file input.cif (mmCIF, C-alpha atoms and all ligand atoms)
data_start
loop_
_atom_site.label_atom_id
_atom_site.label_comp_id
_atom_site.auth_asym_id
_atom_site.auth_seq_id
_atom_site.Cartn_x
_atom_site.Cartn_y
_atom_site.Cartn_z
CA MET A 238 -71.06 194.22 -65.48
CA THR A 239 -72.02 196.93 -67.93
CA VAL A 240 -74.78 196.12 -70.37
CA SER A 241 -74.64 198.34 -73.40
CA THR A 242 -76.92 198.77 -76.36
CA THR A 243 -75.34 199.42 -79.71
CA LEU A 244 -76.70 202.50 -81.46
CA SER A 245 -77.30 202.25 -85.19
CA GLN A 246 -75.61 204.74 -87.53
CA THR A 247 -78.96 206.50 -88.02
CA ALA A 248 -79.57 206.68 -84.26
CA LEU A 249 -76.09 208.16 -83.74
CA LEU A 250 -76.73 210.85 -86.38
CA LEU A 251 -80.08 211.73 -84.79
CA GLU A 252 -78.75 211.79 -81.24
CA LEU A 253 -75.79 213.95 -82.25
CA GLU A 254 -77.83 216.45 -84.30
CA PRO A 255 -78.39 218.89 -81.36
CA VAL A 256 -74.66 218.70 -80.56
CA VAL A 257 -73.90 219.53 -84.19
CA ALA A 258 -76.31 222.50 -84.01
CA ARG A 259 -74.66 223.85 -80.84
CA ASN A 260 -71.14 223.43 -82.17
CA LEU A 261 -72.10 224.92 -85.52
CA ASP A 262 -73.32 228.07 -83.72
CA ARG A 263 -70.12 228.12 -81.72
CA HIS A 264 -68.01 227.70 -84.84
CA LEU A 265 -69.83 230.45 -86.74
CA ALA A 266 -69.41 232.82 -83.79
CA ILE A 267 -65.64 232.35 -83.53
CA ALA A 268 -64.52 231.63 -87.12
CA LYS A 269 -62.83 234.74 -88.52
CA GLU A 270 -63.57 235.82 -92.06
CA TRP A 271 -60.43 236.10 -94.19
CA PHE A 272 -59.53 236.69 -97.81
CA PRO A 273 -57.05 234.61 -99.83
CA HIS A 274 -56.11 237.55 -102.10
CA GLU A 275 -54.72 239.49 -99.15
CA TYR A 276 -52.09 236.81 -98.56
CA VAL A 277 -50.69 236.69 -102.10
CA PRO A 278 -47.85 239.05 -103.20
CA TRP A 279 -49.39 239.70 -106.61
CA SER A 280 -46.89 242.39 -107.68
CA GLU A 281 -44.09 239.79 -107.50
CA GLY A 282 -45.81 237.68 -110.16
CA ARG A 283 -44.75 237.37 -113.81
CA THR A 284 -46.53 235.99 -116.85
CA PHE A 285 -45.59 232.41 -117.71
CA ASP A 286 -44.76 230.92 -121.10
CA GLY A 287 -47.58 229.46 -123.18
CA PRO A 288 -50.35 231.46 -124.89
CA LEU A 289 -49.25 234.73 -123.25
CA GLY A 290 -45.58 234.32 -124.17
CA GLY A 291 -44.04 234.99 -120.77
CA GLU A 292 -41.19 233.24 -119.03
CA ALA A 293 -41.14 229.53 -118.26
CA TRP A 294 -40.78 228.42 -114.65
CA SER A 295 -37.29 227.66 -113.41
CA PRO A 296 -36.24 226.11 -110.09
CA THR A 297 -34.12 229.22 -109.46
CA ASP A 298 -37.25 231.43 -109.49
CA SER A 299 -37.69 230.84 -105.75
CA ALA A 300 -35.37 230.48 -102.76
CA ILE A 301 -37.78 228.17 -100.89
CA PRO A 302 -35.91 224.99 -99.80
CA ASP A 303 -36.68 221.76 -101.69
CA VAL A 304 -38.27 219.97 -98.76
CA ALA A 305 -40.59 222.92 -98.09
CA ARG A 306 -41.62 222.80 -101.75
CA THR A 307 -42.37 219.09 -101.39
CA ALA A 308 -44.48 219.76 -98.29
CA LEU A 309 -46.31 222.63 -100.01
CA ILE A 310 -47.20 220.34 -102.92
CA VAL A 311 -48.42 217.57 -100.59
CA ASN A 312 -50.49 220.04 -98.57
CA LEU A 313 -52.00 221.64 -101.65
CA LEU A 314 -52.82 218.33 -103.38
CA THR A 315 -54.42 217.23 -100.11
CA GLU A 316 -56.61 220.35 -100.11
CA ASP A 317 -57.33 219.87 -103.83
CA ASN A 318 -59.10 216.58 -103.25
CA LEU A 319 -61.96 218.43 -101.53
CA PRO A 320 -64.70 217.19 -103.94
CA SER A 321 -63.99 213.63 -102.76
CA TYR A 322 -63.99 214.62 -99.08
CA HIS A 323 -67.25 216.51 -99.58
CA HIS A 324 -68.75 213.46 -101.23
CA GLU A 325 -67.68 211.24 -98.33
CA ILE A 326 -69.05 213.43 -95.54
CA ALA A 327 -72.18 214.51 -97.41
CA THR A 328 -72.98 210.84 -97.99
CA LEU A 329 -72.39 209.89 -94.37
CA PHE A 330 -73.61 212.97 -92.46
CA GLY A 331 -76.32 213.99 -94.95
CA ARG A 332 -77.13 217.35 -96.51
CA ASP A 333 -80.08 218.28 -94.28
CA GLY A 334 -80.48 220.03 -90.96
CA ALA A 335 -77.51 221.04 -88.83
CA TRP A 336 -75.37 218.21 -90.26
CA GLY A 337 -75.96 219.50 -93.78
CA THR A 338 -75.26 223.11 -92.84
CA TRP A 339 -71.96 222.02 -91.32
CA VAL A 340 -71.03 219.88 -94.33
CA HIS A 341 -71.51 222.83 -96.69
CA ARG A 342 -69.87 225.40 -94.44
CA TRP A 343 -66.84 223.16 -93.85
CA THR A 344 -66.54 222.54 -97.59
CA ALA A 345 -66.62 226.29 -98.29
CA GLU A 346 -63.88 226.95 -95.74
CA GLU A 347 -61.71 224.14 -97.06
CA GLY A 348 -62.21 225.44 -100.61
CA ARG A 349 -60.49 228.65 -99.56
CA HIS A 350 -57.36 226.73 -98.56
CA GLY A 351 -56.63 225.25 -101.96
CA VAL A 352 -57.38 228.56 -103.72
CA ALA A 353 -55.11 230.55 -101.43
CA ILE A 354 -52.16 228.14 -101.52
CA ARG A 355 -52.33 227.69 -105.31
CA ASP A 356 -52.49 231.45 -105.93
CA TYR A 357 -49.53 231.93 -103.65
CA LEU A 358 -47.38 229.17 -105.19
CA THR A 359 -48.10 230.37 -108.72
CA VAL A 360 -47.35 234.03 -108.06
CA ALA A 361 -44.25 233.26 -105.99
CA ARG A 362 -43.08 230.70 -108.60
CA ALA A 363 -42.36 228.42 -105.65
CA VAL A 364 -43.07 225.15 -107.49
CA ASP A 365 -43.18 223.94 -111.11
CA PRO A 366 -46.74 224.86 -112.19
CA VAL A 367 -46.82 222.24 -114.95
CA ALA A 368 -45.75 219.39 -112.63
CA LEU A 369 -48.21 220.69 -110.02
CA GLU A 370 -51.13 220.66 -112.44
CA ARG A 371 -50.26 217.19 -113.69
CA ALA A 372 -49.99 215.94 -110.09
CA ARG A 373 -53.38 217.49 -109.31
CA MET A 374 -54.98 215.72 -112.27
CA THR A 375 -53.45 212.38 -111.27
CA HIS A 376 -54.38 212.77 -107.61
CA MET A 377 -57.96 213.94 -108.13
CA SER A 378 -58.54 211.29 -110.78
CA GLU A 379 -57.87 208.67 -108.10
CA GLY A 380 -60.41 210.24 -105.72
CA TYR A 381 -60.44 209.65 -102.00
CA THR A 382 -62.30 207.03 -100.03
CA ASN A 383 -62.76 207.28 -96.27
CA ALA A 384 -61.42 204.05 -94.74
CA HIS A 385 -64.43 203.99 -92.38
CA GLY A 386 -66.93 205.60 -94.74
CA ASP A 387 -70.12 204.06 -93.37
CA GLU A 388 -69.34 204.49 -89.67
CA VAL A 389 -70.21 207.80 -88.02
CA LEU A 390 -68.00 207.53 -84.93
CA HIS A 391 -64.99 206.18 -86.82
CA SER A 392 -65.31 209.06 -89.25
CA LEU A 393 -65.59 211.61 -86.43
CA ALA A 394 -62.52 210.14 -84.74
CA TYR A 395 -60.60 210.21 -88.02
CA VAL A 396 -61.38 213.84 -88.82
CA SER A 397 -60.62 214.94 -85.25
CA PHE A 398 -57.06 213.65 -85.69
CA GLN A 399 -56.77 214.53 -89.36
CA GLU A 400 -57.72 218.21 -88.90
CA LEU A 401 -55.10 218.57 -86.18
CA ALA A 402 -52.55 216.73 -88.34
CA THR A 403 -53.15 219.13 -91.23
CA ARG A 404 -52.96 222.08 -88.85
CA ILE A 405 -49.50 221.03 -87.71
CA SER A 406 -48.37 220.13 -91.19
CA HIS A 407 -49.43 223.53 -92.61
CA ARG A 408 -47.87 225.44 -89.73
CA ASN A 409 -44.53 223.63 -89.91
CA THR A 410 -44.47 223.82 -93.70
CA GLY A 411 -44.88 227.60 -93.43
CA LYS A 412 -41.92 227.81 -91.07
CA ALA A 413 -39.80 225.57 -93.33
CA THR A 414 -40.27 227.91 -96.32
CA GLY A 415 -38.30 230.68 -94.61
CA ASP A 416 -40.69 233.05 -96.40
CA PRO A 417 -42.67 235.30 -94.01
CA ALA A 418 -45.56 235.77 -96.47
CA CYS A 419 -45.95 232.03 -97.02
CA GLU A 420 -45.68 231.41 -93.31
CA ALA A 421 -48.43 233.96 -92.62
CA LEU A 422 -50.71 232.32 -95.19
CA LEU A 423 -50.17 228.81 -93.83
CA ALA A 424 -50.61 229.99 -90.23
CA ARG A 425 -53.97 231.41 -91.31
CA VAL A 426 -54.97 228.12 -92.93
CA ALA A 427 -53.73 226.22 -89.85
CA ALA A 428 -56.02 228.33 -87.64
CA ASP A 429 -59.01 227.14 -89.69
CA GLU A 430 -57.92 223.52 -89.38
CA ASN A 431 -57.76 223.95 -85.62
CA LEU A 432 -61.37 225.11 -85.45
CA HIS A 433 -62.40 222.15 -87.60
CA MET A 434 -60.58 219.83 -85.20
CA VAL A 435 -62.39 221.38 -82.21
CA PHE A 436 -65.76 220.91 -83.90
CA TYR A 437 -65.21 217.21 -84.58
CA ARG A 438 -63.49 216.61 -81.26
CA ASN A 439 -66.52 218.04 -79.43
CA LEU A 440 -68.83 215.75 -81.39
CA LEU A 441 -66.83 212.70 -80.44
CA ALA A 442 -66.69 213.89 -76.81
CA ALA A 443 -70.51 213.88 -76.86
CA SER A 444 -70.40 210.40 -78.43
CA PHE A 445 -68.35 209.14 -75.49
CA GLU A 446 -71.30 210.14 -73.26
CA LEU A 447 -73.84 208.62 -75.60
CA ALA A 448 -72.15 205.35 -76.55
CA PRO A 449 -68.81 205.04 -74.71
CA SER A 450 -67.87 201.57 -75.97
CA GLN A 451 -68.69 202.37 -79.58
CA ALA A 452 -66.71 205.60 -79.32
CA MET A 453 -63.72 203.80 -77.79
CA ARG A 454 -63.83 201.14 -80.51
CA ALA A 455 -63.89 203.87 -83.16
CA VAL A 456 -60.93 205.71 -81.65
CA ALA A 457 -58.83 202.55 -81.26
CA ASP A 458 -59.52 201.42 -84.84
CA VAL A 459 -58.74 204.83 -86.29
CA VAL A 460 -55.50 205.28 -84.34
CA ALA A 461 -54.43 201.78 -85.44
CA ASP A 462 -54.76 202.44 -89.17
CA PHE A 463 -54.42 206.23 -89.42
CA GLN A 464 -53.25 207.49 -92.81
CA MET A 465 -52.87 211.12 -93.84
CA PRO A 466 -55.63 212.21 -96.26
CA GLY A 467 -52.99 212.79 -98.95
CA SER A 468 -51.51 209.31 -98.68
CA GLY A 469 -52.80 208.51 -102.17
CA ILE A 470 -50.60 211.21 -103.73
CA GLU A 471 -48.14 209.82 -106.26
CA GLY A 472 -44.77 209.29 -104.54
CA PHE A 473 -46.29 209.93 -101.10
CA ALA A 474 -44.02 207.42 -99.31
CA ARG A 475 -40.85 209.14 -100.54
CA LYS A 476 -42.29 212.62 -99.95
CA SER A 477 -43.47 211.82 -96.44
CA VAL A 478 -40.00 210.54 -95.49
CA ALA A 479 -38.45 213.82 -96.65
CA ILE A 480 -41.13 215.73 -94.72
CA ALA A 481 -40.45 213.66 -91.60
CA LEU A 482 -36.66 214.03 -91.89
CA ALA A 483 -37.15 217.81 -92.02
CA GLY A 484 -39.28 217.68 -88.86
CA ILE A 485 -42.32 219.11 -90.66
CA TYR A 486 -44.48 216.09 -89.83
CA ASP A 487 -43.04 213.00 -88.22
CA LEU A 488 -44.12 210.14 -85.96
CA ARG A 489 -43.19 212.03 -82.79
CA GLN A 490 -45.43 214.93 -83.77
CA HIS A 491 -48.15 212.53 -84.85
CA ARG A 492 -48.15 210.80 -81.49
CA ASP A 493 -47.39 213.67 -79.12
CA GLU A 494 -48.97 216.68 -80.87
CA VAL A 495 -51.90 215.08 -82.68
CA LEU A 496 -53.04 211.86 -80.99
CA LEU A 497 -52.25 212.60 -77.34
CA PRO A 498 -53.82 216.08 -77.01
CA VAL A 499 -57.08 214.86 -78.57
CA LEU A 500 -57.13 211.65 -76.51
CA ARG A 501 -56.49 213.75 -73.39
CA GLN A 502 -59.52 215.93 -74.18
CA TRP A 503 -61.68 212.83 -74.38
CA ASP A 504 -60.03 211.54 -71.19
CA VAL A 505 -60.04 208.09 -72.80
CA PHE A 506 -58.19 206.35 -70.00
CA ASN A 507 -60.80 207.42 -67.41
CA VAL A 508 -63.96 206.76 -69.42
CA THR A 509 -66.37 204.59 -67.44
CA GLY A 510 -69.24 202.32 -68.43
CA LEU A 511 -67.35 200.36 -71.07
CA ASP A 512 -68.49 196.90 -72.11
CA ALA A 513 -66.02 194.10 -72.91
CA ASP A 514 -65.30 195.34 -76.41
CA GLY A 515 -64.89 198.91 -75.15
CA GLU A 516 -62.31 197.74 -72.62
CA ALA A 517 -60.55 195.67 -75.27
CA ALA A 518 -60.48 198.69 -77.57
CA ARG A 519 -58.95 200.84 -74.83
CA GLU A 520 -56.23 198.23 -74.26
CA GLN A 521 -55.50 198.11 -78.00
CA LEU A 522 -55.24 201.90 -77.99
CA ALA A 523 -52.74 201.87 -75.11
CA THR A 524 -50.65 199.22 -76.88
CA GLN A 525 -50.72 201.20 -80.11
CA LEU A 526 -49.51 204.35 -78.31
CA ASP A 527 -46.61 202.33 -76.88
CA THR A 528 -45.77 200.95 -80.31
CA LEU A 529 -45.80 204.47 -81.74
CA GLN A 530 -43.58 205.66 -78.89
CA THR A 531 -40.98 203.03 -79.78
CA ALA A 532 -41.20 203.74 -83.51
CA ALA A 533 -40.97 207.51 -82.98
CA THR A 534 -37.87 207.15 -80.81
CA ARG A 535 -36.25 204.81 -83.33
CA PHE A 536 -36.94 207.29 -86.13
CA GLU A 537 -35.48 210.17 -84.13
CA GLU A 538 -32.33 208.16 -83.41
CA LYS A 539 -31.92 207.32 -87.10
CA ARG A 540 -32.51 210.94 -88.07
CA ASP A 541 -29.93 212.16 -85.54
CA ALA A 542 -27.39 209.62 -86.77
CA ARG A 543 -28.02 210.70 -90.36
CA ALA A 544 -27.63 214.38 -89.44
CA ALA A 545 -24.35 213.60 -87.66
CA ARG A 546 -23.13 211.68 -90.74
CA LEU A 547 -24.03 214.54 -93.05
CA ALA A 548 -22.33 217.07 -90.77
CA ARG A 549 -19.00 215.21 -90.94
FE FE B 1 -57.79 222.61 -95.26
FE FE B 2 -59.92 221.49 -92.15
#

call {"tool": "encode", "arguments": {"input": "input.cif", "output": "structure tokens", "more": "lines below"}}
Ligand SMILES: [Fe+2]
Ligand SMILES: [Fe+2]
result
Amino acid sequence: MTVSTTLSQTALLLELEPVVARNLDRHLAIAKEWFPHEYVPWSEGRTFDGPLGGEAWSPTDSAIPDVARTALIVNLLTEDNLPSYHHEIATLFGRDGAWGTWVHRWTAEEGRHGVAIRDYLTVARAVDPVALERARMTHMSEGYTNAHGDEVLHSLAYVSFQELATRISHRNTGKATGDPACEALLARVAADENLHMVFYRNLLAASFELAPSQAMRAVADVVADFQMPGSGIEGFARKSVAIALAGIYDLRQHRDEVLLPVLRQWDVFNVTGLDADGEAAREQLATQLDTLQTAATRFEEKRDARAARLAR
């Protein structure tokens, strides 16, 4: 029988600090500097109506497909809520030492994403700038609350999956635009998200060594109630269905391209030294993956049937 001691949130933060320091150094050594302005086709821009008396936006200003526009808006609004995310992680991880350096560095990198995507969408007239601004006000006014805001390992598990989810969502959105410049920008953003995922994934890998049962519990809980960070966006349910139907982000990708690769890195099904709750958590995780498998297959069948209907 395995006897385990439960580490407090403070103990976890202290124990993980050297791992944060190492991974911060690693991140800073491999992160590539890039500049949002280089990804925006400024000379294609035109002055809008309003104080400067230009031309109002029209849906015909851009050839980007509707569903790609929807995904671009969801991705940008998600990036826009950065002040809330910063608040959540600064409160949990702290603003001192290696944790604090990471919190600020991560925030600065994420800040670039919203700036770059907004500049691009405005210049390319890809989406209605008035509707976008109103949606941003509504979304940011709601704020964002981490579902596991006072638990270090739950939060690390969540961001490990969430960074990979946003990576895939940005990359596939870029492809769906059919616009090489937009695709290049979103591929660049997606590369950042991947490094963020690696950082958090490494921290949770170290947590599995430190407190395997607590880490397993965190992973199982987070997989069970995972929501995209932008799930509070007005009309998110409808938008996310359109995004899934277009294959930009669907359950299959969530399970097979987000959850499974990260779980494989942690080797969750071979972790040893689990106590009773750790074992129970691992079983719940396995069941949840099966449930997702069934749901993903059902969705794909429905989508195929719909496509066949529409093709008739
Ligand atoms: Fe981002
Ligand atoms: Fe990120």

call {"tool": "atom_distance", "arguments": {"input": "input.cif", "atom1": "atom CA of Met377 of chain A", "atom2": "atom FE of ligand FE 2 (chain B)"}}
result
17.8 Å

call {"tool": "closest_residue", "arguments": {"input": "input.cif", "among": "A:Asp303, A:Asp286, A:Glu254, A:Glu292", "to": "Lys476 of chain A", "atoms": "all atoms listed in the file"}}
result
A:Asp303

call {"tool": "closest_residue", "arguments": {"input": "input.cif", "among": "A:Val277, A:Ala448, A:Leu511, A:Met374", "to": "Glu252 of chain A", "atoms": "all atoms listed in the file"}}
result
A:Ala448

call {"tool": "residues_near_ligand", "arguments": {"input": "input.cif", "ligand": "ligand FE 2 (chain B)", "cutoff": "8 Å", "atoms": "only C-alpha atoms and all ligand atoms", "output": "short mmCIF file (atom, residue, chain, number, x, y, z; two decimals) with C-alpha atoms, in the coordinates of the input"}}
result
data_model
loop_
_atom_site.label_atom_id
_atom_site.label_comp_id
_atom_site.auth_asym_id
_atom_site.auth_seq_id
_atom_site.Cartn_x
_atom_site.Cartn_y
_atom_site.Cartn_z
CA TRP A 343 -66.84 223.16 -93.85
CA GLU A 346 -63.88 226.95 -95.74
CA GLU A 347 -61.71 224.14 -97.06
CA GLU A 400 -57.72 218.21 -88.90
CA THR A 403 -53.15 219.13 -91.23
CA ARG A 404 -52.96 222.08 -88.85
CA ASP A 429 -59.01 227.14 -89.69
CA GLU A 430 -57.92 223.52 -89.38
CA ASN A 431 -57.76 223.95 -85.62
CA LEU A 432 -61.37 225.11 -85.45
CA HIS A 433 -62.40 222.15 -87.60
CA MET A 434 -60.58 219.83 -85.20
#

call {"tool": "atom_distance", "arguments": {"input": "input.cif", "atom1": "atom CA of Tyr437 of chain A", "atom2": "atom CA of Ala394 of chain A"}}
result
7.6 Å

call {"tool": "closest_residue", "arguments": {"input": "input.cif", "among": "A:Asn439, A:Thr382, A:Thr375, A:Thr410", "to": "Val257 of chain A", "atoms": "only C-alpha atoms"}}
result
A:Asn439

call {"tool": "closest_residue", "arguments": {"input": "input.cif", "among": "A:Ala363, A:Leu265, A:Leu422, A:Ala345", "to": "Pro302 of chain A", "atoms": "only C-alpha atoms"}}
result
A:Ala363

call {"tool": "atom_distance", "arguments": {"input": "input.cif", "atom1": "atom CA of Gly348 of chain A", "atom2": "atom CA of Arg373 of chain A"}}
result
14.7 Å

call {"tool": "residues_near_point", "arguments": {"input": "input.cif", "point": "(-34.8, 225.7, -97.1)", "cutoff": "12 Å", "atoms": "only C-alpha atoms", "output": "MDAnalysis selection string"}}
result
chainID A and resid 299:308 363 410:416 483 485

call {"tool": "closest_residue", "arguments": {"input": "input.cif", "among": "A:Trp336, A:Ala384, A:Glu471, A:Tyr322", "to": "Leu369 of chain A", "atoms": "all atoms listed in the file"}}
result
A:Glu471

call {"tool": "closest_residue", "arguments": {"input": "input.cif", "among": "A:His385, A:Arg283, A:His376, A:His274", "to": "Ile326 of chain A", "atoms": "all atoms listed in the file"}}
result
A:His385

call {"tool": "residues_near_point", "arguments": {"input": "input.cif", "point": "(-69.5, 229.3, -88.9)", "cutoff": "10 Å", "atoms": "only C-alpha atoms", "output": "PyMOL selection string"}}
result
chain A and resi 260-270+338-339+342-343+346+432

call {"tool": "residues_around", "arguments": {"input": "input.cif", "residues": "Ala533 of chain A", "least_positions_apart": "2", "cutoff": "8 Å", "atoms": "all atoms listed in the file", "output": "compact mmCIF listing (two decimals) with C-alpha atoms, in the frame of the given file"}}
result
# COMPACT_ATOMS: atom_id res chain seq x y z
CA ASP A 487 -43.04 213.00 -88.22
CA LEU A 488 -44.12 210.14 -85.96
CA ARG A 489 -43.19 212.03 -82.79
CA LEU A 529 -45.80 204.47 -81.74
CA GLN A 530 -43.58 205.66 -78.89
CA THR A 531 -40.98 203.03 -79.78
CA ARG A 535 -36.25 204.81 -83.33
CA PHE A 536 -36.94 207.29 -86.13
CA GLU A 537 -35.48 210.17 -84.13

call {"tool": "build_atoms", "arguments": {"input": "input.cif", "residues": "segment 333-348 of chain A", "atoms": "N, CA, C and O atoms", "output": "PDB file, in the coordinates of the input"}}
result
ATOM      1  N   ASP A 333     -78.935 217.589 -94.899  1.00  0.00           N
ATOM      2  CA  ASP A 333     -80.080 218.280 -94.280  1.00  0.00           C
ATOM      3  C   ASP A 333     -79.765 218.706 -92.861  1.00  0.00           C
ATOM      4  O   ASP A 333     -78.835 218.180 -92.241  1.00  0.00           O
ATOM      5  N   GLY A 334     -80.561 219.629 -92.361  1.00  0.00           N
ATOM      6  CA  GLY A 334     -80.480 220.030 -90.960  1.00  0.00           C
ATOM      7  C   GLY A 334     -79.105 220.577 -90.604  1.00  0.00           C
ATOM      8  O   GLY A 334     -78.355 221.061 -91.466  1.00  0.00           O
ATOM      9  N   ALA A 335     -78.775 220.477 -89.306  1.00  0.00           N
ATOM     10  CA  ALA A 335     -77.510 221.040 -88.830  1.00  0.00           C
ATOM     11  C   ALA A 335     -76.320 220.298 -89.449  1.00  0.00           C
ATOM     12  O   ALA A 335     -75.309 220.912 -89.796  1.00  0.00           O
ATOM     13  N   TRP A 336     -76.455 218.981 -89.619  1.00  0.00           N
ATOM     14  CA  TRP A 336     -75.370 218.210 -90.260  1.00  0.00           C
ATOM     15  C   TRP A 336     -75.074 218.779 -91.641  1.00  0.00           C
ATOM     16  O   TRP A 336     -73.918 218.996 -92.006  1.00  0.00           O
ATOM     17  N   GLY A 337     -76.127 218.996 -92.412  1.00  0.00           N
ATOM     18  CA  GLY A 337     -75.960 219.500 -93.780  1.00  0.00           C
ATOM     19  C   GLY A 337     -75.358 220.889 -93.810  1.00  0.00           C
ATOM     20  O   GLY A 337     -74.500 221.193 -94.650  1.00  0.00           O
ATOM     21  N   THR A 338     -75.812 221.744 -92.889  1.00  0.00           N
ATOM     22  CA  THR A 338     -75.260 223.110 -92.840  1.00  0.00           C
ATOM     23  C   THR A 338     -73.764 223.046 -92.550  1.00  0.00           C
ATOM     24  O   THR A 338     -72.970 223.760 -93.154  1.00  0.00           O
ATOM     25  N   TRP A 339     -73.386 222.167 -91.620  1.00  0.00           N
ATOM     26  CA  TRP A 339     -71.960 222.020 -91.320  1.00  0.00           C
ATOM     27  C   TRP A 339     -71.183 221.503 -92.529  1.00  0.00           C
ATOM     28  O   TRP A 339     -70.118 222.029 -92.862  1.00  0.00           O
ATOM     29  N   VAL A 340     -71.719 220.475 -93.175  1.00  0.00           N
ATOM     30  CA  VAL A 340     -71.030 219.880 -94.330  1.00  0.00           C
ATOM     31  C   VAL A 340     -70.733 220.960 -95.384  1.00  0.00           C
ATOM     32  O   VAL A 340     -69.616 221.059 -95.900  1.00  0.00           O
ATOM     33  N   HIS A 341     -71.716 221.806 -95.654  1.00  0.00           N
ATOM     34  CA  HIS A 341     -71.510 222.830 -96.690  1.00  0.00           C
ATOM     35  C   HIS A 341     -70.582 223.935 -96.214  1.00  0.00           C
ATOM     36  O   HIS A 341     -69.733 224.416 -96.960  1.00  0.00           O
ATOM     37  N   ARG A 342     -70.733 224.350 -94.979  1.00  0.00           N
ATOM     38  CA  ARG A 342     -69.870 225.400 -94.440  1.00  0.00           C
ATOM     39  C   ARG A 342     -68.401 224.932 -94.403  1.00  0.00           C
ATOM     40  O   ARG A 342     -67.484 225.646 -94.806  1.00  0.00           O
ATOM     41  N   TRP A 343     -68.205 223.718 -93.927  1.00  0.00           N
ATOM     42  CA  TRP A 343     -66.840 223.160 -93.850  1.00  0.00           C
ATOM     43  C   TRP A 343     -66.233 223.091 -95.247  1.00  0.00           C
ATOM     44  O   TRP A 343     -65.081 223.462 -95.456  1.00  0.00           O
ATOM     45  N   THR A 344     -67.030 222.652 -96.211  1.00  0.00           N
ATOM     46  CA  THR A 344     -66.540 222.540 -97.590  1.00  0.00           C
ATOM     47  C   THR A 344     -66.135 223.916 -98.120  1.00  0.00           C
ATOM     48  O   THR A 344     -65.094 224.062 -98.770  1.00  0.00           O
ATOM     49  N   ALA A 345     -66.935 224.931 -97.815  1.00  0.00           N
ATOM     50  CA  ALA A 345     -66.620 226.290 -98.290  1.00  0.00           C
ATOM     51  C   ALA A 345     -65.319 226.789 -97.666  1.00  0.00           C
ATOM     52  O   ALA A 345     -64.491 227.404 -98.344  1.00  0.00           O
ATOM     53  N   GLU A 346     -65.123 226.510 -96.397  1.00  0.00           N
ATOM     54  CA  GLU A 346     -63.880 226.950 -95.740  1.00  0.00           C
ATOM     55  C   GLU A 346     -62.680 226.211 -96.311  1.00  0.00           C
ATOM     56  O   GLU A 346     -61.631 226.807 -96.561  1.00  0.00           O
ATOM     57  N   GLU A 347     -62.828 224.915 -96.507  1.00  0.00           N
ATOM     58  CA  GLU A 347     -61.710 224.140 -97.060  1.00  0.00           C
ATOM     59  C   GLU A 347     -61.391 224.595 -98.488  1.00  0.00           C
ATOM     60  O   GLU A 347     -60.229 224.608 -98.894  1.00  0.00           O
ATOM     61  N   GLY A 348     -62.431 224.977 -99.234  1.00  0.00           N
ATOM     62  CA  GLY A 348     -62.210 225.440-100.610  1.00  0.00           C
ATOM     63  C   GLY A 348     -61.280 226.640-100.653  1.00  0.00           C
ATOM     64  O   GLY A 348     -60.493 226.814-101.593  1.00  0.00           O
TER      65      GLY A 348
END
